[in-house]
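**Student:** Okay, here's the structure, questions in a sec.
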Amino acid sequence: MKSLTRFPNGATFAFTILDDTDDMTVEKGRPIYDLLYRCGLRITKTVWTLDTPPEKQGPYFAGETLASDKYLDWVKDLDSRGFEIGFHNATMASSRREETEAAISFINNTFSKPLRLHCNHGQNLENLYWGSDRY
């Protein structure tokens with residue numbers, strides 16, 4: 001059967017990397033993304049849109065979110081350089097539907113392409129697959 005997928009420049013396969021945003025900061029990420037860019041690689045950078053309230057923070061609260069102007073500016077720069085921006089839930093903690101909808105809307109209105117990828121974060125209750133069904 002012939003594949004319906006078409007890859008650029010006649011390639012017969014694709015290789016991709018998805019960056020899980022847990023504990024990511026501008027300081028940690030910038031050198032890696034600058035190297036990827038220099039090597040001609042463009043990967044998917046997942047993001048959280050909103051900060052997590054302190055009472056809901058779990059073990060992954062050290063990462064920055066798009067609520068930080070510095071982080072938002074950096075992710076906008078990545079977007080402008082061809083990196084895909086993906087969704088890692090609205091926040092690090094479980095979110096209500098309204099928060100998730102607002103987060104997706106923010107991403108769609110902020111970056112050059114509409115959101116195409118969602119990667120569940122941890123045990124967030126809004127995940128499509130949760131608990132043992134994740135594996």
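The way I read the labels, and the way they are meant: chains A, B, ... in the order of the structure tokens, residue 1 as the first residue of every chain, and ligand 1 as the first ligand shown, with later ones counted on from there.
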If you run DSSP on this backbone, which residues of range 11-132 of chain A come out as strand (DSSP E or B), and could you give them as an mmCIF file with C-alpha atoms, in the first residue's frame?

**Tutor:**
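Written file, result.cif:
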```
data_model
loop_
_atom_site.group_PDB
_atom_site.id
_atom_site.type_symbol
_atom_site.label_atom_id
_atom_site.label_comp_id
_atom_site.auth_asym_id
_atom_site.auth_seq_id
_atom_site.Cartn_x
_atom_site.Cartn_y
_atom_site.Cartn_z
ATOM 1 C CA LEU A 18 8.611 16.556 21.464
ATOM 2 C CA ASP A 19 9.946 18.627 24.354
ATOM 3 C CA THR A 44 7.862 20.636 19.091
ATOM 4 C CA LYS A 45 8.020 22.820 22.206
ATOM 5 C CA THR A 46 5.140 22.142 24.583
ATOM 6 C CA VAL A 47 3.909 24.899 26.870
ATOM 7 C CA GLU A 84 6.077 23.986 16.575
ATOM 8 C CA ILE A 85 4.255 25.079 19.735
ATOM 9 C CA GLY A 86 2.304 22.280 21.439
ATOM 10 C CA PHE A 87 -0.085 22.163 24.387
ATOM 11 C CA HIS A 118 -1.635 18.170 22.784
#
```

**Student:** Determine the nearest neighbour of Leu117 in chain A from the options A:Gly29, A:His88, A:Thr65, A:Thr12, counting only C-alpha atoms.

**Tutor:** A:His88

**Student:** When you draw a straight line from CA of Glu64 in chain A to CA of Thr25 in chain A, how long is it in Å?

**Tutor:**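 Rounded to one decimal, the two atoms are 5.3 Å apart.
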
**Student:** If I take CA of Ile43 in chain A and CA of Thr16 in chain A, how far is one from the other in Å, to one decimal?

**Tutor:** 6.3 Å

**Student:** Just want the 9 Å neighbourhood of range 55-58 of chain A, counted on only C-alpha atoms, with same-chain residues fewer than 5 positions away dropped. Output as a list in words.

**Tutor:**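 Everything that qualifies: Met92, Ala93 and Ser94 of chain A.
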
**Student:** Export, as a compact mmCIF listing (two decimals), in the first residue's frame, the selected residues with all heavy atoms.

**Tutor:**
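Below is the file part.txt, written as the result:
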```txt
# COMPACT_ATOMS: atom_id res chain seq x y z
N MET A 92 0.00 23.25 35.11
CA MET A 92 0.65 22.04 35.62
C MET A 92 -0.32 21.18 36.42
O MET A 92 -0.11 19.98 36.56
CB MET A 92 1.82 22.44 36.51
CG MET A 92 2.86 23.27 35.81
SD MET A 92 3.98 24.03 36.99
CE MET A 92 4.37 25.54 36.12
N ALA A 93 -1.36 21.79 36.94
CA ALA A 93 -2.36 21.07 37.74
C ALA A 93 -3.62 20.88 36.92
O ALA A 93 -3.77 21.45 35.84
CB ALA A 93 -2.67 21.86 39.02
N SER A 94 -4.54 20.09 37.42
CA SER A 94 -5.81 19.90 36.74
C SER A 94 -6.53 21.23 36.57
O SER A 94 -6.47 22.09 37.45
CB SER A 94 -6.69 18.93 37.54
OG SER A 94 -6.07 17.66 37.60
```

**Student:** Which residues come within 7 Å of range 66-81 of chain A, counting only C-alpha atoms, excluding same-chain residues fewer than 2 positions away, as a PDB file with all heavy atoms, in the first residue's frame?

**Tutor:**
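Result written to result-v9.pdb:
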```pdb
ATOM      1  N   VAL A  26      13.509  29.711  30.568  1.00  0.00           N
ATOM      2  CA  VAL A  26      14.245  30.329  29.461  1.00  0.00           C
ATOM      3  C   VAL A  26      15.731  30.015  29.598  1.00  0.00           C
ATOM      4  O   VAL A  26      16.394  29.647  28.619  1.00  0.00           O
ATOM      5  CB  VAL A  26      14.013  31.858  29.426  1.00  0.00           C
ATOM      6  CG1 VAL A  26      14.875  32.504  28.357  1.00  0.00           C
ATOM      7  CG2 VAL A  26      12.538  32.175  29.202  1.00  0.00           C
ATOM      8  N   TRP A  48       2.815  25.387  28.942  1.00  0.00           N
ATOM      9  CA  TRP A  48       1.673  25.650  29.810  1.00  0.00           C
ATOM     10  C   TRP A  48       1.341  27.112  29.617  1.00  0.00           C
ATOM     11  O   TRP A  48       2.226  27.978  29.560  1.00  0.00           O
ATOM     12  CB  TRP A  48       2.019  25.416  31.275  1.00  0.00           C
ATOM     13  CG  TRP A  48       2.178  23.983  31.654  1.00  0.00           C
ATOM     14  CD1 TRP A  48       1.289  22.976  31.434  1.00  0.00           C
ATOM     15  CD2 TRP A  48       3.276  23.399  32.358  1.00  0.00           C
ATOM     16  NE1 TRP A  48       1.766  21.801  31.954  1.00  0.00           N
ATOM     17  CE2 TRP A  48       2.991  22.039  32.525  1.00  0.00           C
ATOM     18  CE3 TRP A  48       4.469  23.908  32.865  1.00  0.00           C
ATOM     19  CZ2 TRP A  48       3.847  21.164  33.178  1.00  0.00           C
ATOM     20  CZ3 TRP A  48       5.325  23.038  33.509  1.00  0.00           C
ATOM     21  CH2 TRP A  48       5.005  21.683  33.660  1.00  0.00           C
ATOM     22  N   THR A  49       0.085  27.428  29.535  1.00  0.00           N
ATOM     23  CA  THR A  49      -0.330  28.813  29.315  1.00  0.00           C
ATOM     24  C   THR A  49      -0.425  29.589  30.619  1.00  0.00           C
ATOM     25  O   THR A  49      -0.018  30.743  30.686  1.00  0.00           O
ATOM     26  CB  THR A  49      -1.696  28.837  28.590  1.00  0.00           C
ATOM     27  OG1 THR A  49      -1.599  28.013  27.437  1.00  0.00           O
ATOM     28  CG2 THR A  49      -2.059  30.234  28.168  1.00  0.00           C
ATOM     29  N   LEU A  50      -0.944  28.960  31.643  1.00  0.00           N
ATOM     30  CA  LEU A  50      -1.246  29.647  32.907  1.00  0.00           C
ATOM     31  C   LEU A  50      -0.389  29.143  34.053  1.00  0.00           C
ATOM     32  O   LEU A  50      -0.028  27.959  34.092  1.00  0.00           O
ATOM     33  CB  LEU A  50      -2.725  29.419  33.262  1.00  0.00           C
ATOM     34  CG  LEU A  50      -3.746  29.743  32.172  1.00  0.00           C
ATOM     35  CD1 LEU A  50      -5.115  29.198  32.552  1.00  0.00           C
ATOM     36  CD2 LEU A  50      -3.786  31.235  31.929  1.00  0.00           C
ATOM     37  N   ASP A  51      -0.095  30.027  34.997  1.00  0.00           N
ATOM     38  CA  ASP A  51       0.573  29.613  36.224  1.00  0.00           C
ATOM     39  C   ASP A  51      -0.388  28.768  37.058  1.00  0.00           C
ATOM     40  O   ASP A  51      -1.607  28.938  36.994  1.00  0.00           O
ATOM     41  CB  ASP A  51       1.005  30.828  37.051  1.00  0.00           C
ATOM     42  CG  ASP A  51       2.190  31.554  36.434  1.00  0.00           C
ATOM     43  OD1 ASP A  51       2.925  30.935  35.637  1.00  0.00           O
ATOM     44  OD2 ASP A  51       2.378  32.749  36.752  1.00  0.00           O
ATOM     45  N   GLU A  64       8.477  27.508  33.845  1.00  0.00           N
ATOM     46  CA  GLU A  64       7.831  28.784  33.519  1.00  0.00           C
ATOM     47  C   GLU A  64       6.639  28.526  32.596  1.00  0.00           C
ATOM     48  O   GLU A  64       6.549  27.489  31.943  1.00  0.00           O
ATOM     49  CB  GLU A  64       8.833  29.716  32.845  1.00  0.00           C
ATOM     50  CG  GLU A  64       9.925  30.169  33.801  1.00  0.00           C
ATOM     51  CD  GLU A  64      10.900  31.130  33.151  1.00  0.00           C
ATOM     52  OE1 GLU A  64      11.896  30.660  32.573  1.00  0.00           O
ATOM     53  OE2 GLU A  64      10.646  32.342  33.223  1.00  0.00           O
ATOM     54  N   PHE A  83       9.859  26.525  15.121  1.00  0.00           N
ATOM     55  CA  PHE A  83       9.552  25.465  16.074  1.00  0.00           C
ATOM     56  C   PHE A  83       8.030  25.392  16.250  1.00  0.00           C
ATOM     57  O   PHE A  83       7.361  26.424  16.314  1.00  0.00           O
ATOM     58  CB  PHE A  83      10.223  25.741  17.429  1.00  0.00           C
ATOM     59  CG  PHE A  83      11.715  25.611  17.388  1.00  0.00           C
ATOM     60  CD1 PHE A  83      12.519  26.716  17.120  1.00  0.00           C
ATOM     61  CD2 PHE A  83      12.326  24.390  17.615  1.00  0.00           C
ATOM     62  CE1 PHE A  83      13.902  26.604  17.073  1.00  0.00           C
ATOM     63  CE2 PHE A  83      13.708  24.267  17.574  1.00  0.00           C
ATOM     64  CZ  PHE A  83      14.492  25.375  17.301  1.00  0.00           C
ATOM     65  N   GLU A  84       7.504  24.173  16.342  1.00  0.00           N
ATOM     66  CA  GLU A  84       6.077  23.986  16.575  1.00  0.00           C
ATOM     67  C   GLU A  84       5.790  24.210  18.057  1.00  0.00           C
ATOM     68  O   GLU A  84       6.541  23.767  18.922  1.00  0.00           O
ATOM     69  CB  GLU A  84       5.651  22.567  16.189  1.00  0.00           C
ATOM     70  CG  GLU A  84       4.183  22.295  16.444  1.00  0.00           C
ATOM     71  CD  GLU A  84       3.776  20.873  16.099  1.00  0.00           C
ATOM     72  OE1 GLU A  84       4.607  19.949  16.226  1.00  0.00           O
ATOM     73  OE2 GLU A  84       2.611  20.699  15.710  1.00  0.00           O
ATOM     74  N   ILE A  85       4.676  24.864  18.356  1.00  0.00           N
ATOM     75  CA  ILE A  85       4.255  25.079  19.735  1.00  0.00           C
ATOM     76  C   ILE A  85       3.107  24.112  20.026  1.00  0.00           C
ATOM     77  O   ILE A  85       2.097  24.107  19.331  1.00  0.00           O
ATOM     78  CB  ILE A  85       3.809  26.542  19.974  1.00  0.00           C
ATOM     79  CG1 ILE A  85       4.906  27.524  19.506  1.00  0.00           C
ATOM     80  CG2 ILE A  85       3.446  26.744  21.440  1.00  0.00           C
ATOM     81  CD1 ILE A  85       6.277  27.295  20.111  1.00  0.00           C
ATOM     82  N   PHE A 111       0.281  32.632  18.470  1.00  0.00           N
ATOM     83  CA  PHE A 111       1.342  32.059  17.659  1.00  0.00           C
ATOM     84  C   PHE A 111       0.939  31.964  16.197  1.00  0.00           C
ATOM     85  O   PHE A 111      -0.222  32.148  15.853  1.00  0.00           O
ATOM     86  CB  PHE A 111       1.766  30.704  18.236  1.00  0.00           C
ATOM     87  CG  PHE A 111       2.306  30.843  19.635  1.00  0.00           C
ATOM     88  CD1 PHE A 111       1.548  30.490  20.731  1.00  0.00           C
ATOM     89  CD2 PHE A 111       3.559  31.394  19.854  1.00  0.00           C
ATOM     90  CE1 PHE A 111       2.022  30.656  22.023  1.00  0.00           C
ATOM     91  CE2 PHE A 111       4.049  31.566  21.140  1.00  0.00           C
ATOM     92  CZ  PHE A 111       3.280  31.194  22.226  1.00  0.00           C
ATOM     93  N   SER A 112       1.915  31.675  15.338  1.00  0.00           N
ATOM     94  CA  SER A 112       1.701  31.765  13.893  1.00  0.00           C
ATOM     95  C   SER A 112       0.792  30.686  13.325  1.00  0.00           C
ATOM     96  O   SER A 112       0.217  30.863  12.261  1.00  0.00           O
ATOM     97  CB  SER A 112       3.051  31.723  13.165  1.00  0.00           C
ATOM     98  OG  SER A 112       3.677  30.463  13.364  1.00  0.00           O
TER      99      SER A 112
END
```

**Student:** Using only C-alpha atoms, find the one residue out of A:Ile17, A:Asp23, A:His121, A:Thr100 that sits nearest to Leu41 in chain A.

**Tutor:**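 Under the stated criterion, the closest residue is A:Ile17.
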
**Student:** Counting only C-alpha atoms, which residue out of A:Asn9, A:Thr110, A:Ser132, A:Asn127 sits closest to Arg97 in chain A?

**Tutor:**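 The closest residue to Arg97 in chain A is A:Asn127.
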
**Student:** Rounded to one decimal place, report the CA of Cys119 in chain A-CA of Thr21 in chain A distance in Å.

**Tutor:**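 Those two atoms sit 10.0 Å apart.
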
**Student:** Hey, which of A:Glu99, A:Gly82, A:Asn108, A:Lys113 ends up closest to Leu36 in chain A? Count only C-alpha atoms.

**Tutor:** A:Gly82

**Student:** Run DSSP on the backbone of this structure and report the residues of range 70-113 of chain A it assigns to helix (DSSP H, G or I), as a list of chain:residue names.

**Tutor:** A:Lys70, A:Tyr71, A:Leu72, A:Asp73, A:Trp74, A:Val75, A:Lys76, A:Asp77, A:Leu78, A:Asp79, A:Ser80, A:Arg97, A:Glu98, A:Glu99, A:Thr100, A:Glu101, A:Ala102, A:Ala103, A:Ile104, A:Ser105, A:Phe106, A:Ile107, A:Asn108, A:Asn109, A:Thr110
